[in-house]
>>> print(open('query.pdb').read())   # PDB, C-alpha atoms
MODEL        1
ATOM      1  CA  MET A   1      97.003 108.060 109.081
ATOM      2  CA  LEU A   2      95.907 111.466 110.398
ATOM      3  CA  ASP A   3      99.013 111.599 112.550
ATOM      4  CA  PHE A   4     101.159 110.730 109.531
ATOM      5  CA  CYS A   5      99.635 113.699 107.694
ATOM      6  CA  GLY A   6     100.300 116.051 110.590
ATOM      7  CA  ILE A   7      96.806 116.188 112.095
ATOM      8  CA  GLU A   8      96.649 115.339 115.816
ATOM      9  CA  LYS A   9      95.142 111.874 116.123
ATOM     10  CA  GLU A  10      93.257 112.983 119.269
ATOM     11  CA  ARG A  11      90.952 114.910 116.937
ATOM     12  CA  MET A  12      89.301 111.722 115.898
ATOM     13  CA  ARG A  13      87.539 109.383 118.288
ATOM     14  CA  ALA A  14      85.399 106.330 117.658
ATOM     15  CA  ARG A  15      83.335 104.864 120.494
ATOM     16  CA  TRP A  16      80.517 102.401 120.575
ATOM     17  CA  VAL A  17      77.630 103.666 122.692
ATOM     18  CA  SER A  18      74.218 102.019 122.780
ATOM     19  CA  SER A  19      71.120 104.107 122.135
ATOM     20  CA  ALA A  20      70.032 103.151 125.662
ATOM     21  CA  GLU A  21      73.156 104.709 127.183
ATOM     22  CA  ALA A  22      72.442 108.426 126.985
ATOM     23  CA  PRO A  23      74.568 109.364 130.048
ATOM     24  CA  GLU A  24      77.596 107.556 128.579
ATOM     25  CA  PHE A  25      77.097 109.403 125.328
ATOM     26  CA  VAL A  26      76.912 112.788 127.085
ATOM     27  CA  GLU A  27      79.989 111.974 129.150
ATOM     28  CA  GLU A  28      81.896 110.911 126.058
ATOM     29  CA  ILE A  29      81.007 114.049 124.129
ATOM     30  CA  ASN A  30      81.848 116.313 127.055
ATOM     31  CA  GLN A  31      85.228 114.666 127.419
ATOM     32  CA  PHE A  32      85.847 115.017 123.710
ATOM     33  CA  ILE A  33      84.902 118.717 123.831
ATOM     34  CA  ASN A  34      87.479 119.259 126.575
ATOM     35  CA  VAL A  35      90.136 117.497 124.537
ATOM     36  CA  LEU A  36      89.302 119.604 121.477
ATOM     37  CA  LYS A  37      89.280 122.855 123.485
ATOM     38  CA  LYS A  38      92.770 122.072 124.711
ATOM     39  CA  LEU A  39      93.953 121.303 121.177
ATOM     40  CA  GLY A  40      92.539 124.550 119.797
ATOM     41  CA  PRO A  41      91.410 125.131 116.218
ATOM     42  CA  SER A  42      92.288 122.461 113.675
ATOM     43  CA  PRO A  43      95.270 123.200 111.438
ATOM     44  CA  LEU A  44      92.907 122.521 108.539
ATOM     45  CA  SER A  45      90.613 125.415 109.502
ATOM     46  CA  MET A  46      93.517 127.842 109.129
ATOM     47  CA  ASN A  47      94.222 126.897 105.542
TER      48      ASN A  47
ATOM     49  CA  MET B   1     114.899  86.881  78.293
ATOM     50  CA  ILE B   2     112.342  88.017  75.729
ATOM     51  CA  ASP B   3     112.971  84.926  73.566
ATOM     52  CA  THR B   4     112.175  82.573  76.445
ATOM     53  CA  ILE B   5     108.949  84.480  77.038
ATOM     54  CA  LYS B   6     108.067  84.395  73.332
ATOM     55  CA  GLN B   7     108.540  80.623  73.337
ATOM     56  CA  LYS B   8     106.321  80.267  76.377
ATOM     57  CA  ILE B   9     103.546  82.412  74.842
ATOM     58  CA  SER B  10     103.917  80.632  71.527
ATOM     59  CA  GLY B  11     103.440  77.285  73.310
ATOM     60  CA  LEU B  12     100.325  78.499  75.089
ATOM     61  CA  LEU B  13      98.798  79.846  71.888
ATOM     62  CA  SER B  14      99.631  76.829  69.727
ATOM     63  CA  ASP B  15      97.993  74.275  72.037
ATOM     64  CA  ALA B  16      95.038  76.643  72.544
ATOM     65  CA  SER B  17      95.346  76.563  76.322
ATOM     66  CA  VAL B  18      94.671  80.299  76.273
ATOM     67  CA  LYS B  19      92.414  82.424  74.133
ATOM     68  CA  GLY B  20      94.926  85.256  74.084
ATOM     69  CA  VAL B  21      97.826  86.737  76.003
ATOM     70  CA  VAL B  22      97.710  90.246  77.433
ATOM     71  CA  ALA B  23     101.156  91.740  76.981
ATOM     72  CA  LEU B  24     102.944  94.722  75.444
ATOM     73  CA  LYS B  25     103.878  95.357  71.850
ATOM     74  CA  THR B  26     106.058  97.876  70.081
ATOM     75  CA  ALA B  27     104.204  99.606  67.268
ATOM     76  CA  ASN B  28     105.276 102.781  65.445
ATOM     77  CA  GLY B  29     107.998 103.369  68.001
ATOM     78  CA  HIS B  30     105.637 103.187  70.972
ATOM     79  CA  VAL B  31     104.976 100.528  73.553
ATOM     80  CA  THR B  32     101.313  99.735  74.050
ATOM     81  CA  PRO B  33      99.194  96.982  75.630
ATOM     82  CA  CYS B  34      98.082  94.279  73.208
ATOM     83  CA  VAL B  35      96.229  90.973  73.279
ATOM     84  CA  PHE B  36      98.301  88.476  71.314
ATOM     85  CA  GLN B  37      96.202  85.822  69.640
ATOM     86  CA  LYS B  38      98.480  84.712  66.805
ATOM     87  CA  GLU B  39     101.993  83.371  67.118
ATOM     88  CA  ASP B  40     103.052  85.427  64.085
ATOM     89  CA  ASP B  41     102.396  88.670  65.988
ATOM     90  CA  LEU B  42     104.944  87.809  68.649
ATOM     91  CA  ASP B  43     107.684  89.633  66.711
ATOM     92  CA  MET B  44     106.170  92.826  68.092
ATOM     93  CA  LEU B  45     106.247  91.620  71.713
ATOM     94  CA  SER B  46     107.827  94.061  74.148
ATOM     95  CA  LEU B  47     108.628  93.846  77.848
ATOM     96  CA  GLY B  48     108.178  97.585  78.183
ATOM     97  CA  ASP B  49     111.843  98.329  77.642
ATOM     98  CA  MET B  50     112.353 101.514  75.618
ATOM     99  CA  GLN B  51     115.565 103.207  76.762
ATOM    100  CA  ALA B  52     116.113 101.117  79.852
ATOM    101  CA  SER B  53     114.685  97.995  81.383
ATOM    102  CA  GLY B  54     111.011  98.389  82.344
ATOM    103  CA  ASP B  55     110.861 102.144  81.730
ATOM    104  CA  THR B  56     107.508 101.842  80.007
ATOM    105  CA  ARG B  57     104.917 100.332  82.298
ATOM    106  CA  TYR B  58     101.220  99.669  81.879
ATOM    107  CA  PRO B  59      98.660  98.190  84.277
ATOM    108  CA  LEU B  60      98.171  94.986  82.271
ATOM    109  CA  ASN B  61      96.001  93.520  85.024
ATOM    110  CA  LYS B  62      93.583  96.344  84.472
ATOM    111  CA  VAL B  63      93.400  95.525  80.761
ATOM    112  CA  LEU B  64      92.847  91.893  81.740
ATOM    113  CA  ILE B  65      89.945  92.788  84.060
ATOM    114  CA  THR B  66      88.221  94.620  81.214
ATOM    115  CA  ILE B  67      88.666  91.651  78.880
ATOM    116  CA  ALA B  68      87.731  89.058  81.502
ATOM    117  CA  ARG B  69      84.482  90.885  82.223
ATOM    118  CA  GLN B  70      83.554  90.598  78.548
ATOM    119  CA  TYR B  71      84.763  87.019  78.069
ATOM    120  CA  PRO B  72      84.169  85.378  81.456
ATOM    121  CA  ASP B  73      84.453  81.814  80.124
ATOM    122  CA  ASP B  74      87.778  82.177  78.329
ATOM    123  CA  VAL B  75      91.278  81.700  79.691
ATOM    124  CA  PHE B  76      93.819  84.453  79.111
ATOM    125  CA  GLY B  77      97.536  84.639  79.673
ATOM    126  CA  VAL B  78      99.080  87.795  81.084
ATOM    127  CA  LEU B  79     102.628  89.057  81.261
ATOM    128  CA  VAL B  80     103.569  89.719  84.885
ATOM    129  CA  ARG B  81     106.442  91.300  86.749
ATOM    130  CA  GLY B  82     106.675  90.939  90.544
ATOM    131  CA  CYS B  83     104.376  93.912  91.070
ATOM    132  CA  ASP B  84     101.806  92.636  88.545
ATOM    133  CA  GLU B  85     101.731  89.274  90.271
ATOM    134  CA  ARG B  86     101.022  90.920  93.613
ATOM    135  CA  GLY B  87      98.206  92.679  91.784
ATOM    136  CA  LEU B  88      96.874  89.392  90.381
ATOM    137  CA  TYR B  89      96.806  87.772  93.828
ATOM    138  CA  THR B  90      94.920  90.753  95.195
ATOM    139  CA  LEU B  91      92.445  90.713  92.316
ATOM    140  CA  TYR B  92      91.834  86.981  92.888
ATOM    141  CA  ARG B  93      91.184  87.735  96.540
ATOM    142  CA  LEU B  94      88.749  90.518  95.669
ATOM    143  CA  ASN B  95      86.907  88.294  93.184
ATOM    144  CA  GLN B  96      87.765  90.438  90.176
ATOM    145  CA  LEU B  97      89.624  87.676  88.356
ATOM    146  CA  ASP B  98      89.234  83.920  88.470
ATOM    147  CA  PRO B  99      92.599  82.180  89.059
ATOM    148  CA  ASP B 100      91.401  79.266  86.887
ATOM    149  CA  LYS B 101      90.953  81.635  83.950
ATOM    150  CA  VAL B 102      94.333  83.340  84.182
ATOM    151  CA  VAL B 103      97.729  81.989  83.123
ATOM    152  CA  PRO B 104     100.449  84.296  84.457
ATOM    153  CA  ILE B 105     103.657  84.480  82.452
ATOM    154  CA  GLY B 106     106.106  85.817  84.983
ATOM    155  CA  PHE B 107     109.550  87.269  84.633
ATOM    156  CA  CYS B 108     112.011  88.769  87.091
ATOM    157  CA  CYS B 109     113.114  92.377  87.018
ATOM    158  CA  PRO B 110     116.839  93.066  86.853
ATOM    159  CA  GLU B 111     118.507  94.591  89.903
ATOM    160  CA  GLU B 112     118.761  98.097  88.436
ATOM    161  CA  LEU B 113     115.021  98.187  87.818
ATOM    162  CA  ALA B 114     114.224  96.772  91.270
ATOM    163  CA  LYS B 115     116.319  99.620  92.694
ATOM    164  CA  ALA B 116     114.693 102.290  90.542
ATOM    165  CA  CYS B 117     111.238 101.026  91.549
ATOM    166  CA  GLU B 118     112.222 100.472  95.193
ATOM    167  CA  CYS B 119     110.514  97.129  94.760
ATOM    168  CA  LYS B 120     109.692  94.934  97.730
ATOM    169  CA  LYS B 121     109.473  91.755  95.622
ATOM    170  CA  PRO B 122     110.967  92.233  92.143
ATOM    171  CA  TYR B 123     110.106  88.717  91.009
ATOM    172  CA  PRO B 124     107.011  86.548  90.609
ATOM    173  CA  ASP B 125     106.723  83.263  92.534
ATOM    174  CA  ASP B 126     107.186  81.115  89.452
ATOM    175  CA  PRO B 127     109.162  83.043  86.814
ATOM    176  CA  VAL B 128     109.498  81.859  83.223
ATOM    177  CA  ALA B 129     112.574  84.017  82.657
ATOM    178  CA  GLY B 130     115.127  86.058  84.576
ATOM    179  CA  GLU B 131     116.924  85.680  87.889
ATOM    180  CA  LYS B 132     115.347  86.584  91.224
ATOM    181  CA  THR B 133     117.042  89.605  92.794
ATOM    182  CA  LYS B 134     116.699  90.793  96.343
ATOM    183  CA  GLU B 135     114.070  93.241  97.567
ATOM    184  CA  ILE B 136     114.851  96.917  98.025
ATOM    185  CA  PHE B 137     114.021  98.748 101.230
ATOM    186  CA  GLN B 138     112.562 102.204 100.892
ATOM    187  CA  ASN B 139     112.967 104.744 103.679
ATOM    188  CA  ARG B 140     110.983 107.739 102.424
ATOM    189  CA  MET B 141     108.259 106.979 104.956
ATOM    190  CA  GLU B 142     110.661 107.112 107.887
ATOM    191  CA  GLU B 143     111.893 110.515 106.723
ATOM    192  CA  ILE B 144     108.378 111.912 106.976
ATOM    193  CA  GLU B 145     107.710 110.186 110.291
ATOM    194  CA  GLY B 146     110.846 111.837 111.616
ATOM    195  CA  MET B 147     109.470 115.358 111.070
ATOM    196  CA  ASP B 148     107.599 117.095 113.887
ATOM    197  CA  ILE B 149     103.834 117.188 113.541
ATOM    198  CA  SER B 150     103.449 120.751 112.219
ATOM    199  CA  LYS B 151     106.162 120.188 109.626
ATOM    200  CA  ARG B 152     104.481 116.960 108.594
ATOM    201  CA  PHE B 153     101.200 118.818 108.236
ATOM    202  CA  SER B 154     102.644 121.533 106.024
ATOM    203  CA  PHE B 155     104.594 118.961 104.001
ATOM    204  CA  TRP B 156     101.466 116.999 103.106
ATOM    205  CA  MET B 157      99.249 120.022 102.600
ATOM    206  CA  ASP B 158     101.825 121.478 100.194
ATOM    207  CA  GLN B 159     101.915 118.173  98.353
ATOM    208  CA  PHE B 160      98.134 117.721  98.246
ATOM    209  CA  SER B 161      97.520 121.277  97.089
ATOM    210  CA  LYS B 162      99.534 120.539  93.928
ATOM    211  CA  CYS B 163      96.793 118.091  92.888
ATOM    212  CA  ILE B 164      95.015 118.984  89.654
ATOM    213  CA  LYS B 165      92.351 116.310  90.246
ATOM    214  CA  CYS B 166      93.145 114.493  87.035
ATOM    215  CA  TYR B 167      92.206 111.123  88.607
ATOM    216  CA  GLY B 168      95.358 109.685  87.033
ATOM    217  CA  CYS B 169      96.274 107.871  90.254
ATOM    218  CA  ARG B 170      92.923 106.130  90.298
ATOM    219  CA  ASN B 171      92.728 105.472  86.576
ATOM    220  CA  ILE B 172      96.127 103.798  86.349
ATOM    221  CA  CYS B 173      95.578 101.676  89.452
ATOM    222  CA  SER B 174      94.768  98.007  88.815
ATOM    223  CA  MET B 175      93.262  97.801  92.285
ATOM    224  CA  CYS B 176      90.756 100.549  91.417
ATOM    225  CA  PHE B 177      88.178  98.427  89.662
ATOM    226  CA  CYS B 178      85.001  99.703  91.360
ATOM    227  CA  ARG B 179      82.200 100.708  89.035
ATOM    228  CA  GLU B 180      81.216 103.468  91.436
ATOM    229  CA  CYS B 181      83.963 105.512  93.027
ATOM    230  CA  SER B 182      83.850 107.474  96.292
ATOM    231  CA  LEU B 183      86.074 110.081  94.694
ATOM    232  CA  GLU B 184      83.206 110.938  92.379
ATOM    233  CA  CYS B 185      80.696 111.203  95.226
ATOM    234  CA  GLU B 186      79.758 114.850  95.457
ATOM    235  CA  ASP B 187      79.162 114.647  99.196
ATOM    236  CA  LEU B 188      82.846 113.910  99.654
ATOM    237  CA  VAL B 189      84.525 115.644  96.734
ATOM    238  CA  SER B 190      83.045 118.775  95.239
ATOM    239  CA  LYS B 191      82.703 118.750  91.493
ATOM    240  CA  GLY B 192      84.224 121.188  89.022
ATOM    241  CA  SER B 193      86.396 123.177  91.408
ATOM    242  CA  LEU B 194      90.085 123.455  92.161
ATOM    243  CA  PRO B 195      92.005 123.175  94.365
ATOM    244  CA  VAL B 196      90.727 119.733  95.191
ATOM    245  CA  ASP B 197      89.248 119.133  98.650
ATOM    246  CA  ILE B 198      92.294 118.449 100.791
ATOM    247  CA  PRO B 199      93.083 116.271 102.566
ATOM    248  CA  VAL B 200      89.765 114.453 101.980
ATOM    249  CA  PHE B 201      90.480 113.465  98.383
ATOM    250  CA  HIS B 202      93.874 111.917  99.049
ATOM    251  CA  LEU B 203      93.029 110.391 102.410
ATOM    252  CA  THR B 204      89.874 108.770 101.026
ATOM    253  CA  ARG B 205      91.953 107.083  98.385
ATOM    254  CA  ALA B 206      94.561 106.126 100.964
ATOM    255  CA  MET B 207      91.931 104.441 103.159
ATOM    256  CA  HIS B 208      90.561 102.509 100.208
ATOM    257  CA  MET B 209      94.059 101.322  99.397
ATOM    258  CA  ALA B 210      94.578  99.922 102.917
ATOM    259  CA  ASP B 211      94.231  96.229 102.100
ATOM    260  CA  ARG B 212      94.665  96.582  98.353
ATOM    261  CA  CYS B 213      97.758  98.618  97.497
ATOM    262  CA  ILE B 214     100.472  96.315  96.214
ATOM    263  CA  ASP B 215     103.073  99.080  96.127
ATOM    264  CA  CYS B 216     103.701  98.973  92.384
ATOM    265  CA  GLY B 217     104.256 102.733  92.177
ATOM    266  CA  LEU B 218     102.225 103.323  89.009
ATOM    267  CA  CYS B 219     100.151 106.066  90.716
ATOM    268  CA  GLU B 220     103.211 108.056  91.584
ATOM    269  CA  GLU B 221     104.631 107.589  88.075
ATOM    270  CA  ALA B 222     101.341 108.756  86.577
ATOM    271  CA  CYS B 223     100.933 111.819  88.826
ATOM    272  CA  PRO B 224     101.671 114.948  86.783
ATOM    273  CA  SER B 225     102.209 116.937  89.982
ATOM    274  CA  ASP B 226     104.706 114.472  91.498
ATOM    275  CA  ILE B 227     102.793 113.980  94.729
ATOM    276  CA  PRO B 228     104.510 111.200  96.727
ATOM    277  CA  LEU B 229     101.352 109.075  96.768
ATOM    278  CA  ARG B 230     103.181 105.846  97.185
ATOM    279  CA  VAL B 231     104.537 106.963 100.557
ATOM    280  CA  LEU B 232     100.991 107.657 101.717
ATOM    281  CA  TYR B 233      99.780 104.210 100.715
ATOM    282  CA  LYS B 234     102.887 102.616 102.159
ATOM    283  CA  LYS B 235     101.829 104.049 105.485
ATOM    284  CA  THR B 236      98.358 102.485 105.288
ATOM    285  CA  SER B 237      99.920  99.178 104.279
ATOM    286  CA  ARG B 238     102.357  99.434 107.166
ATOM    287  CA  ILE B 239      99.472  99.916 109.592
ATOM    288  CA  MET B 240      97.709  96.846 108.150
ATOM    289  CA  ASN B 241     100.891  94.863 108.605
ATOM    290  CA  ALA B 242     101.533  96.076 112.134
ATOM    291  CA  GLU B 243      97.942  95.470 113.292
ATOM    292  CA  PHE B 244      97.087  92.276 111.418
ATOM    293  CA  GLY B 245     100.329  90.884 109.975
ATOM    294  CA  PHE B 246      98.816  91.277 106.531
ATOM    295  CA  THR B 247     100.580  92.412 103.364
ATOM    296  CA  SER B 248      98.517  92.723 100.207
ATOM    297  CA  GLY B 249      99.508  90.530  97.282
ATOM    298  CA  ILE B 250     102.283  88.466  98.869
ATOM    299  CA  GLU B 251     100.344  85.259  99.606
ATOM    300  CA  LYS B 252      98.104  83.902  96.891
ATOM    301  CA  GLN B 253      95.397  82.489  99.174
ATOM    302  CA  GLU B 254      95.483  85.043 101.947
ATOM    303  CA  LYS B 255      92.216  86.745 102.952
ATOM    304  CA  SER B 256      92.125  90.368 104.001
ATOM    305  CA  PRO B 257      91.517  90.969 107.712
ATOM    306  CA  LEU B 258      89.172  93.770 106.636
ATOM    307  CA  SER B 259      86.852  91.205 105.043
ATOM    308  CA  MET B 260      86.466  89.103 108.203
ATOM    309  CA  LEU B 261      84.382  89.321 111.330
ATOM    310  CA  GLY B 262      85.814  88.317 114.683
ATOM    311  CA  PRO B 263      89.327  88.291 116.108
ATOM    312  CA  ALA B 264      92.360  88.995 113.919
ATOM    313  CA  PRO B 265      93.757  85.897 112.154
ATOM    314  CA  ASP B 266      97.240  84.652 113.078
ATOM    315  CA  ASN B 267      99.189  85.289 109.905
TER     316      ASN B 267
ENDMDL
END
>>> encode(input="query.pdb", output="structure tokens")
Amino acid sequence: MLDFCGIEKERMRARWVSSAEAPEFVEEINQFINVLKKLGPSPLSMN
Amino acid sequence: MIDTIKQKISGLLSDASVKGVVALKTANGHVTPCVFQKEDDLDMLSLGDMQASGDTRYPLNKVLITIARQYPDDVFGVLVRGCDERGLYTLYRLNQLDPDKVVPIGFCCPEELAKACECKKPYPDDPVAGEKTKEIFQNRMEEIEGMDISKRFSFWMDQFSKCIKCYGCRNICSMCFCRECSLECEDLVSKGSLPVDIPVFHLTRAMHMADRCIDCGLCEEACPSDIPLRVLYKKTSRIMNAEFGFTSGIEKQEKSPLSMLGPAPDN
């Protein structure tokens, strides 16, 4: 739906991480930060 | 066509198989929803045809929900076009109406109306009157999908920013029966300010329409700003169909994949 409205679908991510899996959570967030840095500011923030 | 329908309603009322029939009447030059309880009143019956076939539409299912909530033990008839019947099936599925308490009186839409409405099923399963015509394919969604992503973004943001937050799309929608609405939740949609929060307002509604929208087009007809809402909901429906093989309102008994746990059903 986001893609259909012109917002990169990579900006949204859903992952299941257990509360006992802190390293996985950190890894996931770091990866996501890298993706978002590459994408730059959201088109919505410029409105 | 209208005479056949009058006869049918008259039959239902005379043998008391229904308490009333939710339909349309012409009064003082206007078409308005009405519950017919006496055969004598049927002179005023209308199919919503003012200038052309079906140019005056009302969400009769929504009227029926209101009545059924007040009179849960009574059986009511309701006038249905193809779109209304899809709505009925969806409302049965969502436990808003009891199929044993509803007698649908279906009629087919003529080809010109099916075209004007871009209708995917312009006939009910068991029509009392009219001839079934073929479905119309709509390609507005493909046009938008064909744009590049930044154009798509500016297209939708331009459309959404026209919104005057009148809630017309929600109020006309038969599938919007919730007593509490996310669009009135202040954490999502700020109160008393314009422009409306975009795209949150419209995308929230789109997500809630995912397994409900029956593509009747009333929202888009009601929208005073001419936002192509139907295209948005078509997209959510298309995703539901692609992922789960589910189309809202086509099969009477079908359950929504969103209401199940476990693997996707094979339908």
>>> closest_residue(input="query.pdb", among="B:Leu88, B:Asp41, B:Val200, B:Gly48", to="Gly29 in chain B", atoms="all atoms listed in the file")
B:Gly48
>>> closest_residue(input="query.pdb", among="A:Val26, A:Ser19, A:Leu44, A:Met12", to="chain B", atoms="only C-alpha atoms")
A:Leu44
>>> interface_residues(input="query.pdb", of="chain B", to="chain A", cutoff="7 Å", atoms="all atoms listed in the file", output="mmCIF file with C-alpha atoms, in the frame of the given file")
data_model
loop_
_atom_site.group_PDB
_atom_site.id
_atom_site.type_symbol
_atom_site.label_atom_id
_atom_site.label_comp_id
_atom_site.auth_asym_id
_atom_site.auth_seq_id
_atom_site.Cartn_x
_atom_site.Cartn_y
_atom_site.Cartn_z
ATOM 1 C CA GLU B 145 107.710 110.186 110.291
ATOM 2 C CA ILE B 149 103.834 117.188 113.541
ATOM 3 C CA SER B 150 103.449 120.751 112.219
ATOM 4 C CA ARG B 152 104.481 116.960 108.594
ATOM 5 C CA PHE B 153 101.200 118.818 108.236
ATOM 6 C CA TRP B 156 101.466 116.999 103.106
ATOM 7 C CA THR B 236 98.358 102.485 105.288
#
>>> atom_distance(input="query.pdb", atom1="CA of Met157 in chain B", atom2="CA of Arg11 in chain A")
17.3 Å
>>> atom_distance(input="query.pdb", atom1="CA of Lys121 in chain B", atom2="CA of Lys252 in chain B")
13.9 Å
>>> axis_aligned_box(input="query.pdb", around="range 19-25 of chain A", padding_each_side="3 Å", output="lines of an AutoDock Vina configuration file")
center_x = 73.8
center_y = 106.3
center_z = 126.1
size_x = 13.6
size_y = 12.3
size_z = 13.9
>>> closest_residue(input="query.pdb", among="B:Lys255, B:Val80, B:Ala116, B:Pro59", to="Ala222 in chain B", atoms="all atoms listed in the file")
B:Pro59
>>> atom_distance(input="query.pdb", atom1="CA of Glu118 in chain B", atom2="CA of Leu183 in chain B")
27.9 Å
>>> residues_near_point(input="query.pdb", point="(90.7, 91.1, 111.7)", cutoff="12 Å", atoms="all atoms listed in the file", output="list of chain:residue names")
B:Asp211, B:Met240, B:Asn241, B:Ala242, B:Glu243, B:Phe244, B:Gly245, B:Phe246, B:Lys255, B:Ser256, B:Pro257, B:Leu258, B:Ser259, B:Met260, B:Leu261, B:Gly262, B:Pro263, B:Ala264, B:Pro265, B:Asp266, B:Asn267
>>> resolve_selection(input="query.pdb", expression="the PyMOL selection byres ((chain B and resi 182) around 12)", output="list in words")
Tyr167, Arg170, Cys176, Cys178, Arg179, Glu180, Cys181, Leu183, Glu184, Cys185, Glu186, Asp187, Leu188, Val189, Ser190, Val200, Phe201, His202, Leu203, Thr204, Arg205, Ala206, Met207 and His208 of chain B
>>> residues_around(input="query.pdb", residues="Ser161 in chain B", least_positions_apart="2", cutoff="8 Å", atoms="all atoms listed in the file", output="VMD selection string")
chain B and resid 157 to 159 163 195 to 196 198
>>> write_last_selection(input="query.pdb", atoms="C-alpha atoms", output="PDB file, in the frame of the given file")
ATOM      1  CA  MET B 157      99.249 120.022 102.600  1.00  0.00           C
ATOM      2  CA  ASP B 158     101.825 121.478 100.194  1.00  0.00           C
ATOM      3  CA  GLN B 159     101.915 118.173  98.353  1.00  0.00           C
ATOM      4  CA  CYS B 163      96.793 118.091  92.888  1.00  0.00           C
ATOM      5  CA  PRO B 195      92.005 123.175  94.365  1.00  0.00           C
ATOM      6  CA  VAL B 196      90.727 119.733  95.191  1.00  0.00           C
ATOM      7  CA  ILE B 198      92.294 118.449 100.791  1.00  0.00           C
TER       8      ILE B 198
END
>>> closest_residue(input="query.pdb", among="A:Ala22, A:Glu27, A:Ile33, A:Leu39", to="Lys9 in chain A", atoms="all atoms listed in the file")
A:Leu39
>>> closest_residue(input="query.pdb", among="B:Lys115, B:Lys120, B:Ser10, B:Ile105", to="Ser248 in chain B", atoms="all atoms listed in the file")
B:Lys120
>>> residues_around(input="query.pdb", residues="Ala23 in chain B", least_positions_apart="4", cutoff="10 Å", atoms="all atoms listed in the file", output="number ranges by chain")
B: 9, 32-36, 42, 45-48, 58, 60-61, 63-64, 77-80, 105
>>> resolve_selection(input="query.pdb", expression="the PyMOL selection byres ((chain A and resi 14) around 12)", output="list in words")
Lys9, Glu10, Arg11, Met12, Arg13, Arg15, Trp16, Val17, Phe25, Glu28, Ile29 and Phe32 of chain A
>>> resolve_selection(input="query.pdb", expression="the PyMOL selection byres ((chain B and resi 94) around 10)", output="PyMOL selection string")
chain B and resi 88-93+95-98+175+177+212+255-256+259
>>> residues_around(input="query.pdb", residues="range 12-16 of chain B", least_positions_apart="5", cutoff="10 Å", atoms="only C-alpha atoms", output="ChimeraX atom specification")
/B:6-7,21,36-39,75-77,103
>>> decode(input="query.pdb", residues="range 214-247 of chain B", atoms="C-alpha atoms", output="PDB file, in the first residue's frame")
ATOM      1  CA  ILE B 214     -17.093  -4.487  -1.802  1.00  0.00           C
ATOM      2  CA  ASP B 215     -16.193  -1.887  -4.419  1.00  0.00           C
ATOM      3  CA  CYS B 216     -19.618  -0.260  -4.616  1.00  0.00           C
ATOM      4  CA  GLY B 217     -18.149   3.203  -5.202  1.00  0.00           C
ATOM      5  CA  LEU B 218     -20.461   5.088  -2.834  1.00  0.00           C
ATOM      6  CA  CYS B 219     -17.480   6.677  -1.011  1.00  0.00           C
ATOM      7  CA  GLU B 220     -16.138   8.171  -4.180  1.00  0.00           C
ATOM      8  CA  GLU B 221     -19.605   9.401  -5.185  1.00  0.00           C
ATOM      9  CA  ALA B 222     -20.043  10.996  -1.766  1.00  0.00           C
ATOM     10  CA  CYS B 223     -16.617  12.687  -1.663  1.00  0.00           C
ATOM     11  CA  PRO B 224     -17.078  16.427  -2.214  1.00  0.00           C
ATOM     12  CA  SER B 225     -13.404  16.767  -3.143  1.00  0.00           C
ATOM     13  CA  ASP B 226     -13.457  13.979  -5.756  1.00  0.00           C
ATOM     14  CA  ILE B 227     -10.617  12.002  -4.215  1.00  0.00           C
ATOM     15  CA  PRO B 228     -10.302   8.685  -6.105  1.00  0.00           C
ATOM     16  CA  LEU B 229     -10.891   6.655  -2.938  1.00  0.00           C
ATOM     17  CA  ARG B 230     -12.190   3.661  -4.752  1.00  0.00           C
ATOM     18  CA  VAL B 231      -8.848   3.177  -6.500  1.00  0.00           C
ATOM     19  CA  LEU B 232      -7.123   3.134  -3.119  1.00  0.00           C
ATOM     20  CA  TYR B 233      -9.446   0.474  -1.749  1.00  0.00           C
ATOM     21  CA  LYS B 234      -9.232  -1.483  -4.974  1.00  0.00           C
ATOM     22  CA  LYS B 235      -5.526  -1.757  -4.323  1.00  0.00           C
ATOM     23  CA  THR B 236      -6.036  -3.191  -0.828  1.00  0.00           C
ATOM     24  CA  SER B 237      -8.601  -5.618  -2.213  1.00  0.00           C
ATOM     25  CA  ARG B 238      -6.197  -6.608  -4.966  1.00  0.00           C
ATOM     26  CA  ILE B 239      -3.522  -7.389  -2.383  1.00  0.00           C
ATOM     27  CA  MET B 240      -6.002  -9.535  -0.420  1.00  0.00           C
ATOM     28  CA  ASN B 241      -6.847 -11.386  -3.601  1.00  0.00           C
ATOM     29  CA  ALA B 242      -3.246 -11.884  -4.659  1.00  0.00           C
ATOM     30  CA  GLU B 243      -2.109 -13.084  -1.214  1.00  0.00           C
ATOM     31  CA  PHE B 244      -5.127 -15.110  -0.102  1.00  0.00           C
ATOM     32  CA  GLY B 245      -7.386 -15.572  -3.136  1.00  0.00           C
ATOM     33  CA  PHE B 246     -10.088 -13.717  -1.249  1.00  0.00           C
ATOM     34  CA  THR B 247     -12.561 -11.202  -2.660  1.00  0.00           C
TER      35      THR B 247
END
